[in-house]
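Q: Sending over start09.cif (mmCIF, C-alpha atoms).
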```
data_run
loop_
_atom_site.group_PDB
_atom_site.id
_atom_site.type_symbol
_atom_site.label_atom_id
_atom_site.label_comp_id
_atom_site.auth_asym_id
_atom_site.auth_seq_id
_atom_site.Cartn_x
_atom_site.Cartn_y
_atom_site.Cartn_z
ATOM 1 C CA MET A 1 8.623 21.603 6.050
ATOM 2 C CA THR A 2 5.289 22.910 4.869
ATOM 3 C CA ASN A 3 5.392 22.064 1.167
ATOM 4 C CA TRP A 4 3.314 18.969 1.972
ATOM 5 C CA THR A 5 2.292 18.119 -1.593
ATOM 6 C CA LYS A 6 5.938 17.599 -2.572
ATOM 7 C CA GLU A 7 6.969 16.091 0.768
ATOM 8 C CA THR A 8 8.033 12.462 1.137
ATOM 9 C CA PHE A 9 8.939 10.237 4.078
ATOM 10 C CA THR A 10 12.026 8.049 3.710
ATOM 11 C CA LEU A 11 11.400 4.388 4.539
ATOM 12 C CA ASN A 12 13.892 1.947 6.063
ATOM 13 C CA THR A 13 14.619 0.743 2.514
ATOM 14 C CA GLY A 14 15.637 4.235 1.381
ATOM 15 C CA ALA A 15 12.495 4.548 -0.752
ATOM 16 C CA LYS A 16 10.539 7.798 -0.473
ATOM 17 C CA ILE A 17 6.780 7.540 0.036
ATOM 18 C CA PRO A 18 4.780 10.668 -0.900
ATOM 19 C CA ALA A 19 3.312 12.222 2.251
ATOM 20 C CA VAL A 20 -0.213 12.633 0.875
ATOM 21 C CA GLY A 21 -2.035 9.939 -1.086
ATOM 22 C CA LEU A 22 -5.542 9.047 -2.217
ATOM 23 C CA GLY A 23 -7.376 6.312 -0.332
ATOM 24 C CA THR A 24 -9.908 4.190 -2.250
ATOM 25 C CA TRP A 25 -11.518 2.019 0.467
ATOM 26 C CA GLN A 26 -15.341 2.029 0.291
ATOM 27 C CA SER A 27 -15.323 3.921 -3.003
ATOM 28 C CA LYS A 28 -18.129 2.645 -5.245
ATOM 29 C CA PRO A 29 -17.502 1.003 -8.634
ATOM 30 C CA ASN A 30 -17.079 3.445 -11.545
ATOM 31 C CA GLU A 31 -16.260 6.250 -9.091
ATOM 32 C CA VAL A 32 -12.743 5.044 -8.404
ATOM 33 C CA ARG A 33 -11.414 5.371 -11.944
ATOM 34 C CA GLN A 34 -12.446 9.054 -12.131
ATOM 35 C CA ALA A 35 -11.256 9.751 -8.582
ATOM 36 C CA VAL A 36 -7.778 8.349 -9.290
ATOM 37 C CA ALA A 37 -7.446 10.288 -12.553
ATOM 38 C CA ALA A 38 -8.688 13.495 -10.859
ATOM 39 C CA ALA A 39 -6.249 13.060 -7.963
ATOM 40 C CA LEU A 40 -3.271 12.523 -10.246
ATOM 41 C CA LYS A 41 -4.258 15.540 -12.355
ATOM 42 C CA ALA A 42 -4.471 17.586 -9.125
ATOM 43 C CA GLY A 43 -0.891 16.618 -8.288
ATOM 44 C CA TYR A 44 -1.242 13.538 -6.076
ATOM 45 C CA ARG A 45 1.512 10.953 -6.674
ATOM 46 C CA HIS A 46 0.428 8.247 -4.203
ATOM 47 C CA ILE A 47 -2.576 5.933 -4.670
ATOM 48 C CA ASP A 48 -3.660 3.329 -2.122
ATOM 49 C CA THR A 49 -5.765 0.270 -2.960
ATOM 50 C CA ALA A 50 -6.154 -3.387 -1.927
ATOM 51 C CA LEU A 51 -7.261 -6.705 -3.332
ATOM 52 C CA ALA A 52 -10.110 -6.693 -0.784
ATOM 53 C CA TYR A 53 -11.507 -3.399 -2.146
ATOM 54 C CA GLY A 54 -12.286 -5.049 -5.493
ATOM 55 C CA ASN A 55 -11.214 -1.910 -7.350
ATOM 56 C CA GLU A 56 -7.594 -2.537 -8.399
ATOM 57 C CA ASN A 57 -8.683 -2.772 -12.028
ATOM 58 C CA GLU A 58 -10.283 0.683 -11.901
ATOM 59 C CA VAL A 59 -7.286 2.125 -10.076
ATOM 60 C CA GLY A 60 -5.067 0.883 -12.902
ATOM 61 C CA GLN A 61 -7.402 2.399 -15.493
ATOM 62 C CA GLY A 62 -7.527 5.732 -13.632
ATOM 63 C CA ILE A 63 -3.731 5.860 -13.605
ATOM 64 C CA LYS A 64 -3.652 5.302 -17.383
ATOM 65 C CA ASP A 65 -6.393 7.934 -17.934
ATOM 66 C CA SER A 66 -4.374 10.529 -16.010
ATOM 67 C CA GLY A 67 -1.477 10.459 -18.455
ATOM 68 C CA VAL A 68 0.986 10.590 -15.547
ATOM 69 C CA PRO A 69 3.852 8.130 -16.157
ATOM 70 C CA ARG A 70 3.679 4.987 -13.976
ATOM 71 C CA GLU A 71 7.186 5.550 -12.578
ATOM 72 C CA GLU A 72 6.127 8.903 -11.100
ATOM 73 C CA ILE A 73 3.350 7.311 -9.042
ATOM 74 C CA TRP A 74 3.571 5.441 -5.737
ATOM 75 C CA VAL A 75 1.073 2.558 -5.762
ATOM 76 C CA THR A 76 0.255 0.551 -2.636
ATOM 77 C CA THR A 77 -1.884 -2.579 -2.606
ATOM 78 C CA LYS A 78 -2.549 -5.289 -0.029
ATOM 79 C CA LEU A 79 -2.783 -9.050 0.384
ATOM 80 C CA ASP A 80 -6.270 -10.114 1.460
ATOM 81 C CA ASN A 81 -6.778 -12.308 4.560
ATOM 82 C CA PRO A 82 -7.916 -15.515 2.792
ATOM 83 C CA TRP A 83 -4.819 -15.342 0.553
ATOM 84 C CA HIS A 84 -2.179 -15.582 3.313
ATOM 85 C CA LYS A 85 -1.169 -19.075 2.200
ATOM 86 C CA ARG A 86 -1.138 -17.947 -1.439
ATOM 87 C CA VAL A 87 1.037 -14.835 -1.429
ATOM 88 C CA GLU A 88 2.427 -15.639 -4.875
ATOM 89 C CA GLU A 89 -1.099 -15.842 -6.294
ATOM 90 C CA GLY A 90 -2.119 -12.741 -4.353
ATOM 91 C CA ILE A 91 0.550 -10.460 -5.802
ATOM 92 C CA SER A 92 0.045 -11.942 -9.296
ATOM 93 C CA SER A 93 -3.694 -11.280 -9.069
ATOM 94 C CA SER A 94 -3.153 -7.678 -7.925
ATOM 95 C CA LEU A 95 -0.574 -6.918 -10.622
ATOM 96 C CA LYS A 96 -2.836 -8.395 -13.288
ATOM 97 C CA SER A 97 -5.806 -6.293 -12.110
ATOM 98 C CA LEU A 98 -3.679 -3.134 -11.896
ATOM 99 C CA ASP A 99 -2.012 -4.012 -15.218
ATOM 100 C CA MET A 100 1.420 -3.302 -13.737
ATOM 101 C CA ASP A 101 4.777 -5.069 -13.477
ATOM 102 C CA TYR A 102 5.329 -4.000 -9.875
ATOM 103 C CA VAL A 103 3.813 -2.116 -6.943
ATOM 104 C CA ASP A 104 5.763 0.321 -4.801
ATOM 105 C CA LEU A 105 4.404 -1.151 -1.573
ATOM 106 C CA TYR A 106 2.715 -4.475 -0.814
ATOM 107 C CA LEU A 107 1.114 -4.907 2.603
ATOM 108 C CA ILE A 108 -0.332 -7.765 4.644
ATOM 109 C CA HIS A 109 -3.786 -6.198 5.046
ATOM 110 C CA TRP A 110 -4.587 -7.748 8.452
ATOM 111 C CA PRO A 111 -2.736 -10.020 10.895
ATOM 112 C CA SER A 112 -5.406 -12.678 10.304
ATOM 113 C CA SER A 113 -4.844 -15.741 8.112
ATOM 114 C CA SER A 114 -8.526 -16.379 7.464
ATOM 115 C CA ASP A 115 -9.685 -19.720 6.096
ATOM 116 C CA PRO A 116 -10.763 -19.203 2.447
ATOM 117 C CA GLU A 117 -13.398 -21.950 2.910
ATOM 118 C CA ASP A 118 -14.873 -20.290 6.005
ATOM 119 C CA LEU A 119 -13.958 -16.661 6.748
ATOM 120 C CA LYS A 120 -15.131 -17.031 10.361
ATOM 121 C CA LYS A 121 -12.244 -19.441 10.955
ATOM 122 C CA HIS A 122 -8.511 -18.853 11.192
ATOM 123 C CA LEU A 123 -6.242 -21.349 9.423
ATOM 124 C CA PRO A 124 -4.995 -23.848 12.036
ATOM 125 C CA ASP A 125 -1.529 -24.264 10.509
ATOM 126 C CA TRP A 126 -0.714 -20.715 9.392
ATOM 127 C CA ASP A 127 -0.248 -17.187 10.726
ATOM 128 C CA TYR A 128 1.100 -13.773 9.709
ATOM 129 C CA VAL A 129 4.686 -14.784 10.582
ATOM 130 C CA LYS A 130 4.562 -17.457 7.857
ATOM 131 C CA THR A 131 2.846 -14.981 5.541
ATOM 132 C CA TRP A 132 5.694 -12.513 6.099
ATOM 133 C CA ALA A 133 8.256 -15.142 5.080
ATOM 134 C CA GLU A 134 6.385 -15.377 1.749
ATOM 135 C CA MET A 135 6.125 -11.580 1.449
ATOM 136 C CA GLN A 136 9.916 -11.368 1.655
ATOM 137 C CA LYS A 137 10.116 -13.490 -1.514
ATOM 138 C CA VAL A 138 7.859 -11.008 -3.350
ATOM 139 C CA ALA A 139 10.271 -8.202 -2.462
ATOM 140 C CA GLU A 140 13.241 -10.268 -3.658
ATOM 141 C CA SER A 141 11.492 -10.850 -7.001
ATOM 142 C CA GLY A 142 11.137 -7.072 -7.502
ATOM 143 C CA ARG A 143 7.368 -7.194 -7.969
ATOM 144 C CA ALA A 144 6.966 -5.176 -4.788
ATOM 145 C CA LYS A 145 9.658 -2.545 -4.274
ATOM 146 C CA ASN A 146 8.785 -2.389 -0.565
ATOM 147 C CA ILE A 147 6.810 -4.633 1.771
ATOM 148 C CA GLY A 148 4.946 -3.873 4.941
ATOM 149 C CA VAL A 149 1.920 -4.576 7.086
ATOM 150 C CA SER A 150 -1.385 -3.009 8.050
ATOM 151 C CA ASN A 151 -3.428 -3.102 11.258
ATOM 152 C CA PHE A 152 -0.490 -4.533 13.222
ATOM 153 C CA GLY A 153 -0.196 -3.761 16.921
ATOM 154 C CA ILE A 154 2.786 -3.946 19.272
ATOM 155 C CA LYS A 155 2.051 -7.616 20.123
ATOM 156 C CA HIS A 156 2.109 -8.585 16.435
ATOM 157 C CA PHE A 157 5.441 -6.845 15.892
ATOM 158 C CA GLU A 158 7.022 -8.390 18.976
ATOM 159 C CA LYS A 159 6.151 -11.834 17.670
ATOM 160 C CA LEU A 160 7.144 -11.120 14.060
ATOM 161 C CA LEU A 161 10.389 -9.211 14.634
ATOM 162 C CA ASN A 162 11.666 -11.837 17.084
ATOM 163 C CA ASP A 163 11.038 -14.724 14.706
ATOM 164 C CA PRO A 164 14.172 -16.072 12.973
ATOM 165 C CA SER A 165 12.315 -16.173 9.629
ATOM 166 C CA CYS A 166 11.936 -12.381 9.715
ATOM 167 C CA LYS A 167 14.945 -11.091 7.769
ATOM 168 C CA THR A 168 13.315 -7.837 6.602
ATOM 169 C CA THR A 169 11.683 -5.357 8.968
ATOM 170 C CA PRO A 170 8.364 -4.124 7.530
ATOM 171 C CA ALA A 171 8.848 -0.731 5.849
ATOM 172 C CA VAL A 172 5.355 0.509 6.731
ATOM 173 C CA ASN A 173 2.483 -0.150 9.128
ATOM 174 C CA GLN A 174 -0.765 1.277 7.726
ATOM 175 C CA ILE A 175 -3.147 1.914 10.614
ATOM 176 C CA GLU A 176 -6.249 3.899 11.487
ATOM 177 C CA LEU A 177 -5.079 7.250 12.857
ATOM 178 C CA HIS A 178 -7.039 10.414 13.710
ATOM 179 C CA PRO A 179 -7.512 12.444 16.926
ATOM 180 C CA ASN A 180 -10.153 9.978 18.181
ATOM 181 C CA ASN A 181 -7.734 7.063 17.639
ATOM 182 C CA PRO A 182 -4.296 8.704 18.015
ATOM 183 C CA SER A 183 -2.318 5.567 19.026
ATOM 184 C CA PRO A 184 0.802 7.444 20.265
ATOM 185 C CA LYS A 185 2.341 4.373 21.890
ATOM 186 C CA LEU A 186 2.038 2.318 18.713
ATOM 187 C CA ILE A 187 3.491 5.140 16.581
ATOM 188 C CA ASP A 188 6.443 5.494 18.984
ATOM 189 C CA PHE A 189 7.018 1.743 18.926
ATOM 190 C CA CYS A 190 7.048 1.717 15.120
ATOM 191 C CA LYS A 191 9.443 4.688 15.035
ATOM 192 C CA SER A 192 11.792 2.880 17.418
ATOM 193 C CA LYS A 193 11.924 -0.028 14.950
ATOM 194 C CA GLY A 194 12.305 2.183 11.857
ATOM 195 C CA ILE A 195 8.774 1.418 10.632
ATOM 196 C CA HIS A 196 6.888 4.297 8.988
ATOM 197 C CA CYS A 197 3.173 4.701 9.758
ATOM 198 C CA THR A 198 0.576 5.589 7.132
ATOM 199 C CA ALA A 199 -2.752 6.876 8.461
ATOM 200 C CA TYR A 200 -5.948 5.418 6.999
ATOM 201 C CA SER A 201 -9.401 6.804 7.891
ATOM 202 C CA CYS A 202 -7.372 9.918 8.697
ATOM 203 C CA LEU A 203 -10.504 12.080 8.481
ATOM 204 C CA GLY A 204 -12.437 9.810 10.844
ATOM 205 C CA SER A 205 -15.641 9.092 8.960
ATOM 206 C CA THR A 206 -19.021 10.686 8.384
ATOM 207 C CA ASN A 207 -20.488 9.281 11.603
ATOM 208 C CA SER A 208 -17.436 9.734 13.841
ATOM 209 C CA PRO A 209 -17.472 12.188 16.772
ATOM 210 C CA LEU A 210 -14.852 14.202 14.834
ATOM 211 C CA ALA A 211 -17.568 15.391 12.440
ATOM 212 C CA LYS A 212 -19.260 17.151 15.370
ATOM 213 C CA ASP A 213 -16.171 18.116 17.387
ATOM 214 C CA GLU A 214 -16.332 21.785 18.394
ATOM 215 C CA THR A 215 -12.626 22.175 19.188
ATOM 216 C CA LEU A 216 -11.769 20.936 15.719
ATOM 217 C CA ALA A 217 -14.458 23.048 14.005
ATOM 218 C CA LYS A 218 -13.325 26.216 15.823
ATOM 219 C CA LEU A 219 -9.673 25.593 15.001
ATOM 220 C CA ALA A 220 -10.482 25.084 11.309
ATOM 221 C CA GLU A 221 -12.576 28.259 11.247
ATOM 222 C CA LYS A 222 -9.839 30.266 12.980
ATOM 223 C CA LYS A 223 -7.279 29.149 10.411
ATOM 224 C CA GLY A 224 -9.587 29.525 7.399
ATOM 225 C CA LEU A 225 -9.256 25.823 6.587
ATOM 226 C CA SER A 226 -11.589 22.879 6.130
ATOM 227 C CA VAL A 227 -11.811 20.379 8.994
ATOM 228 C CA ALA A 228 -10.258 17.820 6.619
ATOM 229 C CA GLN A 229 -7.238 20.052 5.953
ATOM 230 C CA VAL A 230 -6.653 20.491 9.707
ATOM 231 C CA LEU A 231 -6.869 16.719 10.280
ATOM 232 C CA LEU A 232 -4.461 16.000 7.425
ATOM 233 C CA VAL A 233 -1.833 18.469 8.653
ATOM 234 C CA TRP A 234 -2.203 17.073 12.195
ATOM 235 C CA GLY A 235 -1.346 13.654 10.750
ATOM 236 C CA LEU A 236 1.522 14.947 8.615
ATOM 237 C CA GLN A 237 3.135 16.870 11.482
ATOM 238 C CA ARG A 238 3.132 13.653 13.521
ATOM 239 C CA GLY A 239 5.377 12.152 10.841
ATOM 240 C CA THR A 240 2.727 9.906 9.279
ATOM 241 C CA SER A 241 1.728 9.821 5.626
ATOM 242 C CA VAL A 242 -2.013 10.314 5.076
ATOM 243 C CA ILE A 243 -4.371 8.767 2.509
ATOM 244 C CA PRO A 244 -7.691 10.659 2.641
ATOM 245 C CA LYS A 245 -10.443 8.935 0.672
ATOM 246 C CA SER A 246 -12.810 10.903 -1.520
ATOM 247 C CA VAL A 247 -14.527 10.428 -4.865
ATOM 248 C CA THR A 248 -15.665 14.053 -5.118
ATOM 249 C CA GLU A 249 -13.295 16.031 -7.338
ATOM 250 C CA SER A 250 -13.640 19.287 -5.364
ATOM 251 C CA ARG A 251 -12.765 17.472 -2.108
ATOM 252 C CA ILE A 252 -9.932 15.550 -3.724
ATOM 253 C CA VAL A 253 -8.499 18.928 -4.761
ATOM 254 C CA SER A 254 -9.059 20.722 -1.434
ATOM 255 C CA ASN A 255 -7.584 17.782 0.539
ATOM 256 C CA PHE A 256 -4.388 18.410 -1.436
ATOM 257 C CA GLU A 257 -4.319 22.186 -0.826
ATOM 258 C CA LEU A 258 -2.051 21.890 2.187
ATOM 259 C CA ASP A 259 1.105 23.742 1.195
ATOM 260 C CA GLY A 260 2.057 26.406 3.708
ATOM 261 C CA VAL A 261 -0.370 25.056 6.324
ATOM 262 C CA THR A 262 1.066 24.318 9.767
ATOM 263 C CA LEU A 263 -0.310 23.787 13.247
ATOM 264 C CA SER A 264 1.433 25.263 16.279
ATOM 265 C CA ASP A 265 2.589 22.981 19.125
ATOM 266 C CA GLU A 266 -0.392 24.239 21.113
ATOM 267 C CA GLU A 267 -2.846 23.420 18.296
ATOM 268 C CA MET A 268 -1.277 19.975 17.817
ATOM 269 C CA LYS A 269 -1.631 19.315 21.546
ATOM 270 C CA GLN A 270 -5.238 20.484 21.508
ATOM 271 C CA LEU A 271 -6.133 17.948 18.821
ATOM 272 C CA SER A 272 -4.012 15.168 20.322
ATOM 273 C CA SER A 273 -5.886 15.482 23.608
ATOM 274 C CA LEU A 274 -9.477 15.324 22.335
ATOM 275 C CA PRO A 275 -11.232 12.994 24.815
ATOM 276 C CA ASP A 276 -13.483 10.998 22.456
ATOM 277 C CA ARG A 277 -12.384 7.559 21.259
ATOM 278 C CA PHE A 278 -13.743 6.054 18.075
ATOM 279 C CA LYS A 279 -12.601 3.414 15.604
ATOM 280 C CA VAL A 280 -13.930 3.388 12.071
ATOM 281 C CA CYS A 281 -12.624 -0.139 11.551
ATOM 282 C CA GLY A 282 -12.965 -2.747 14.298
ATOM 283 C CA ASP A 283 -12.017 -6.431 14.378
ATOM 284 C CA SER A 284 -15.339 -8.120 15.258
ATOM 285 C CA TRP A 285 -15.688 -9.383 11.648
ATOM 286 C CA LEU A 286 -12.377 -11.265 11.840
ATOM 287 C CA PRO A 287 -11.885 -14.803 13.185
ATOM 288 C CA VAL A 288 -9.247 -13.501 15.642
ATOM 289 C CA LYS A 289 -8.949 -10.384 17.797
ATOM 290 C CA VAL A 290 -6.298 -8.000 16.438
ATOM 291 C CA PHE A 291 -6.862 -4.831 18.488
ATOM 292 C CA PHE A 292 -5.919 -5.019 22.173
ATOM 293 C CA GLY A 293 -6.318 -1.397 23.286
ATOM 294 C CA ASP A 294 -2.587 -1.119 24.007
ATOM 295 C CA ASP A 295 -1.735 1.577 21.477
ATOM 296 C CA GLU A 296 -1.945 4.579 23.829
#
```
Would you encode the structure as structure tokens?

A:
Amino acid sequence: MTNWTKETFTLNTGAKIPAVGLGTWQSKPNEVRQAVAAALKAGYRHIDTALAYGNENEVGQGIKDSGVPREEIWVTTKLDNPWHKRVEEGISSSLKSLDMDYVDLYLIHWPSSSDPEDLKKHLPDWDYVKTWAEMQKVAESGRAKNIGVSNFGIKHFEKLLNDPSCKTTPAVNQIELHPNNPSPKLIDFCKSKGIHCTAYSCLGSTNSPLAKDETLAKLAEKKGLSVAQVLLVWGLQRGTSVIPKSVTESRIVSNFELDGVTLSDEEMKQLSSLPDRFKVCGDSWLPVKVFFGDDE
């Protein structure tokens, strides 16, 4: 299974999510449209965005610019925290910005129902379990072919999956995954429930210890690959889809040049046991704690 660019993972709905996608978080305005078009021209068929990124409009334009038919592309977007009580408005807003009739995957971005009047507060009468009940209606309406969550930990799932209102198990949990935040326990838990994991910040970030990791650098050099390519294949071989973010065309292309690349069990183990721990995205900005350090 090394033809990664054509590879898909089958979700609990039967839908097939392309293994490699383009992430658009923290991409600047005007860069996203070109990045999306460049990615699709390079062969990508999976684009990830979110209401909170403020770039859904550009993502939609980039898709049109590419000339690739909409039905050939997997599009994921996400419900923003202050919209938990307004799921109907949230999906309508996203579809309008994207200029689409449906998305392939709609996620609850964070398990935090933030108060739209004061983002430092959590709504007193609402939580992600109630949000999920509303998400299920979006799936029934066909405007999201699949629904899932993001940044959910084991505690969140235990509460959600045991609630009588939860009729549909989330298809996906999109979480930060890289060798400095490998989360094996959380991945295993999701697998046991039939929930696929997508890795965001899968390349770490510019200021993460991964950028300076010698083991990783040596392994990439030995295999004649970029550090990014090694990190992506590490993620793919763990059974997670990956959504590397870039706005540089040359990087967008090289991040997709993965066919025929594999890591041996020994190389996988080497990367999975790097000692450093680092999270690109914490929870200190949210009104509630969502990470409990129980994912290893």

Q: Run the PyMOL selection byres ((chain A and resi 122) around 6) against the file shown and list the residues it catches, as an NGL selection string.

A: :A and (113-115 or 121 or 123 or 287)

Q: For CA of Gly90 (chain A) and CA of Arg33 (chain A), quote the distance in Å rounded to one decimal.

A: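 The value is 21.7 Å.
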
Q: For CA of Ser93 (chain A) and CA of Gly14 (chain A), quote the distance in Å rounded to one decimal.

A: 26.9 Å

Q: Of the candidates A:Gly204, A:Pro182, A:Gly43, A:Pro124, which one gets nearest to Ser112 (chain A) if we count only C-alpha atoms?

A: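 Under the stated criterion, the closest residue is A:Pro124.
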
Q: Go through the shown structure with the PyMOL selection byres ((chain A and resi 49-63) around 7) and write out the matching residues as a short mmCIF file (atom, residue, chain, number, x, y, z; two decimals) with C-alpha atoms, in the coordinates of the input.

A:
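Writing the result to out38.cif gives the following:
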```
data_model
loop_
_atom_site.label_atom_id
_atom_site.label_comp_id
_atom_site.auth_asym_id
_atom_site.auth_seq_id
_atom_site.Cartn_x
_atom_site.Cartn_y
_atom_site.Cartn_z
CA GLY A 23 -7.38 6.31 -0.33
CA THR A 24 -9.91 4.19 -2.25
CA TRP A 25 -11.52 2.02 0.47
CA VAL A 32 -12.74 5.04 -8.40
CA ARG A 33 -11.41 5.37 -11.94
CA GLN A 34 -12.45 9.05 -12.13
CA VAL A 36 -7.78 8.35 -9.29
CA ALA A 37 -7.45 10.29 -12.55
CA ILE A 47 -2.58 5.93 -4.67
CA ASP A 48 -3.66 3.33 -2.12
CA LYS A 64 -3.65 5.30 -17.38
CA ASP A 65 -6.39 7.93 -17.93
CA SER A 66 -4.37 10.53 -16.01
CA VAL A 68 0.99 10.59 -15.55
CA THR A 76 0.26 0.55 -2.64
CA THR A 77 -1.88 -2.58 -2.61
CA LYS A 78 -2.55 -5.29 -0.03
CA LEU A 79 -2.78 -9.05 0.38
CA ASP A 80 -6.27 -10.11 1.46
CA SER A 94 -3.15 -7.68 -7.92
CA SER A 97 -5.81 -6.29 -12.11
CA LEU A 98 -3.68 -3.13 -11.90
CA ASP A 99 -2.01 -4.01 -15.22
#
```

Q: Mind pulling up the distance from CA of Pro82 (chain A) to CA of Val288 (chain A)?

A: 13.1 Å

Q: With the PyMOL selection byres ((chain A and resi 152) around 12) as the selection, what would be picked from this file? Answer as a PyMOL selection string, please.

A: chain A and resi 107-112+128-129+148-151+153-161+170+172-176+183+186-187+189-190+195+197-198+283+289-292+294-295

Q: With C-alpha atoms retained, could you export that selection as a PDB file, in the coordinates of the input?

A:
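Final output, again-v6.pdb:
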```
ATOM      1  CA  LEU A 107       1.114  -4.907   2.603  1.00  0.00           C
ATOM      2  CA  ILE A 108      -0.332  -7.765   4.644  1.00  0.00           C
ATOM      3  CA  HIS A 109      -3.786  -6.198   5.046  1.00  0.00           C
ATOM      4  CA  TRP A 110      -4.587  -7.748   8.452  1.00  0.00           C
ATOM      5  CA  PRO A 111      -2.736 -10.020  10.895  1.00  0.00           C
ATOM      6  CA  SER A 112      -5.406 -12.678  10.304  1.00  0.00           C
ATOM      7  CA  TYR A 128       1.100 -13.773   9.709  1.00  0.00           C
ATOM      8  CA  VAL A 129       4.686 -14.784  10.582  1.00  0.00           C
ATOM      9  CA  GLY A 148       4.946  -3.873   4.941  1.00  0.00           C
ATOM     10  CA  VAL A 149       1.920  -4.576   7.086  1.00  0.00           C
ATOM     11  CA  SER A 150      -1.385  -3.009   8.050  1.00  0.00           C
ATOM     12  CA  ASN A 151      -3.428  -3.102  11.258  1.00  0.00           C
ATOM     13  CA  GLY A 153      -0.196  -3.761  16.921  1.00  0.00           C
ATOM     14  CA  ILE A 154       2.786  -3.946  19.272  1.00  0.00           C
ATOM     15  CA  LYS A 155       2.051  -7.616  20.123  1.00  0.00           C
ATOM     16  CA  HIS A 156       2.109  -8.585  16.435  1.00  0.00           C
ATOM     17  CA  PHE A 157       5.441  -6.845  15.892  1.00  0.00           C
ATOM     18  CA  GLU A 158       7.022  -8.390  18.976  1.00  0.00           C
ATOM     19  CA  LYS A 159       6.151 -11.834  17.670  1.00  0.00           C
ATOM     20  CA  LEU A 160       7.144 -11.120  14.060  1.00  0.00           C
ATOM     21  CA  LEU A 161      10.389  -9.211  14.634  1.00  0.00           C
ATOM     22  CA  PRO A 170       8.364  -4.124   7.530  1.00  0.00           C
ATOM     23  CA  VAL A 172       5.355   0.509   6.731  1.00  0.00           C
ATOM     24  CA  ASN A 173       2.483  -0.150   9.128  1.00  0.00           C
ATOM     25  CA  GLN A 174      -0.765   1.277   7.726  1.00  0.00           C
ATOM     26  CA  ILE A 175      -3.147   1.914  10.614  1.00  0.00           C
ATOM     27  CA  GLU A 176      -6.249   3.899  11.487  1.00  0.00           C
ATOM     28  CA  SER A 183      -2.318   5.567  19.026  1.00  0.00           C
ATOM     29  CA  LEU A 186       2.038   2.318  18.713  1.00  0.00           C
ATOM     30  CA  ILE A 187       3.491   5.140  16.581  1.00  0.00           C
ATOM     31  CA  PHE A 189       7.018   1.743  18.926  1.00  0.00           C
ATOM     32  CA  CYS A 190       7.048   1.717  15.120  1.00  0.00           C
ATOM     33  CA  ILE A 195       8.774   1.418  10.632  1.00  0.00           C
ATOM     34  CA  CYS A 197       3.173   4.701   9.758  1.00  0.00           C
ATOM     35  CA  THR A 198       0.576   5.589   7.132  1.00  0.00           C
ATOM     36  CA  ASP A 283     -12.017  -6.431  14.378  1.00  0.00           C
ATOM     37  CA  LYS A 289      -8.949 -10.384  17.797  1.00  0.00           C
ATOM     38  CA  VAL A 290      -6.298  -8.000  16.438  1.00  0.00           C
ATOM     39  CA  PHE A 291      -6.862  -4.831  18.488  1.00  0.00           C
ATOM     40  CA  PHE A 292      -5.919  -5.019  22.173  1.00  0.00           C
ATOM     41  CA  ASP A 294      -2.587  -1.119  24.007  1.00  0.00           C
ATOM     42  CA  ASP A 295      -1.735   1.577  21.477  1.00  0.00           C
TER      43      ASP A 295
END
```

Q: Could you pull the residues within 9 Å of region 212-216 of chain A, counting all atoms listed in the file, minus those fewer than 4 positions along the same chain, as a ChimeraX atom specification?

A: /A:207-208,220-221,227,230-231,270-271,274

Q: Determine the nearest neighbour of Phe256 (chain A) from the options A:Ala133, A:Ile91, A:Leu232, A:Leu11, counting all atoms listed in the file.

A: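 Between A:Ala133, A:Ile91, A:Leu232, A:Leu11, the residue approaching Phe256 (chain A) most closely is A:Leu232.
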
Q: When you look at region 246-249 of chain A with a cut-off of 7 Å (counting only C-alpha atoms), what residues show up, excluding the ones that are within fewer than 5 positions of it in the same chain? I need them as a PyMOL selection string.

A: chain A and resi 27+31-32+35+38

Q: Around (-2.0, 28.0, 10.0), as given in the file, which residues come within 8 Å? Count all atoms listed in the file and list them as a list in words.

A: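 Those residues, ordered by chain and then number, are Lys223, Gly260, Val261, Thr262, Leu263 and Ser264 of chain A.
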
Q: Go through region 5-118 of chain A and flag each residue having an atom no more than 12 Å from region 233-240 of chain A; for those, report the closest pair of atoms plus their distance in Å to one decimal, using all atoms listed in the file, ordered by chain and rising number, as JSON lines.

A:
```
{"residue": "A:Thr5", "atom": "CA", "partner": "A:Leu236", "partner_atom": "CA", "distance": 10.7}
{"residue": "A:Glu7", "atom": "CA", "partner": "A:Leu236", "partner_atom": "CA", "distance": 9.6}
{"residue": "A:Thr8", "atom": "CA", "partner": "A:Thr240", "partner_atom": "CA", "distance": 10.0}
{"residue": "A:Phe9", "atom": "CA", "partner": "A:Gly239", "partner_atom": "CA", "distance": 7.9}
{"residue": "A:Thr10", "atom": "CA", "partner": "A:Gly239", "partner_atom": "CA", "distance": 10.6}
{"residue": "A:Leu11", "atom": "CA", "partner": "A:Thr240", "partner_atom": "CA", "distance": 11.3}
{"residue": "A:Ile17", "atom": "CA", "partner": "A:Thr240", "partner_atom": "CA", "distance": 10.4}
{"residue": "A:Pro18", "atom": "CA", "partner": "A:Thr240", "partner_atom": "CA", "distance": 10.4}
{"residue": "A:Ala19", "atom": "CA", "partner": "A:Leu236", "partner_atom": "CA", "distance": 7.2}
{"residue": "A:Val20", "atom": "CA", "partner": "A:Leu236", "partner_atom": "CA", "distance": 8.3}
{"residue": "A:Gly21", "atom": "CA", "partner": "A:Thr240", "partner_atom": "CA", "distance": 11.4}
```

Q: Let me make sure I understand: among A:Ala211, A:Ala228, A:Ala139, A:Val103, which one has the smallest atom-to-atom distance to Arg251 (chain A) if we use all atoms listed in the file?

A: A:Ala228

Q: What are the centre and edge lengths in Å, to one decimal, of the axis-aligned box around all listed atoms of region 63-79 of chain A with 4 Å added on each side, as lines of an AutoDock Vina configuration file?

A:
```
center_x = 0.4
center_y = 0.8
center_z = -9.0
size_x = 21.6
size_y = 27.6
size_z = 26.8
```
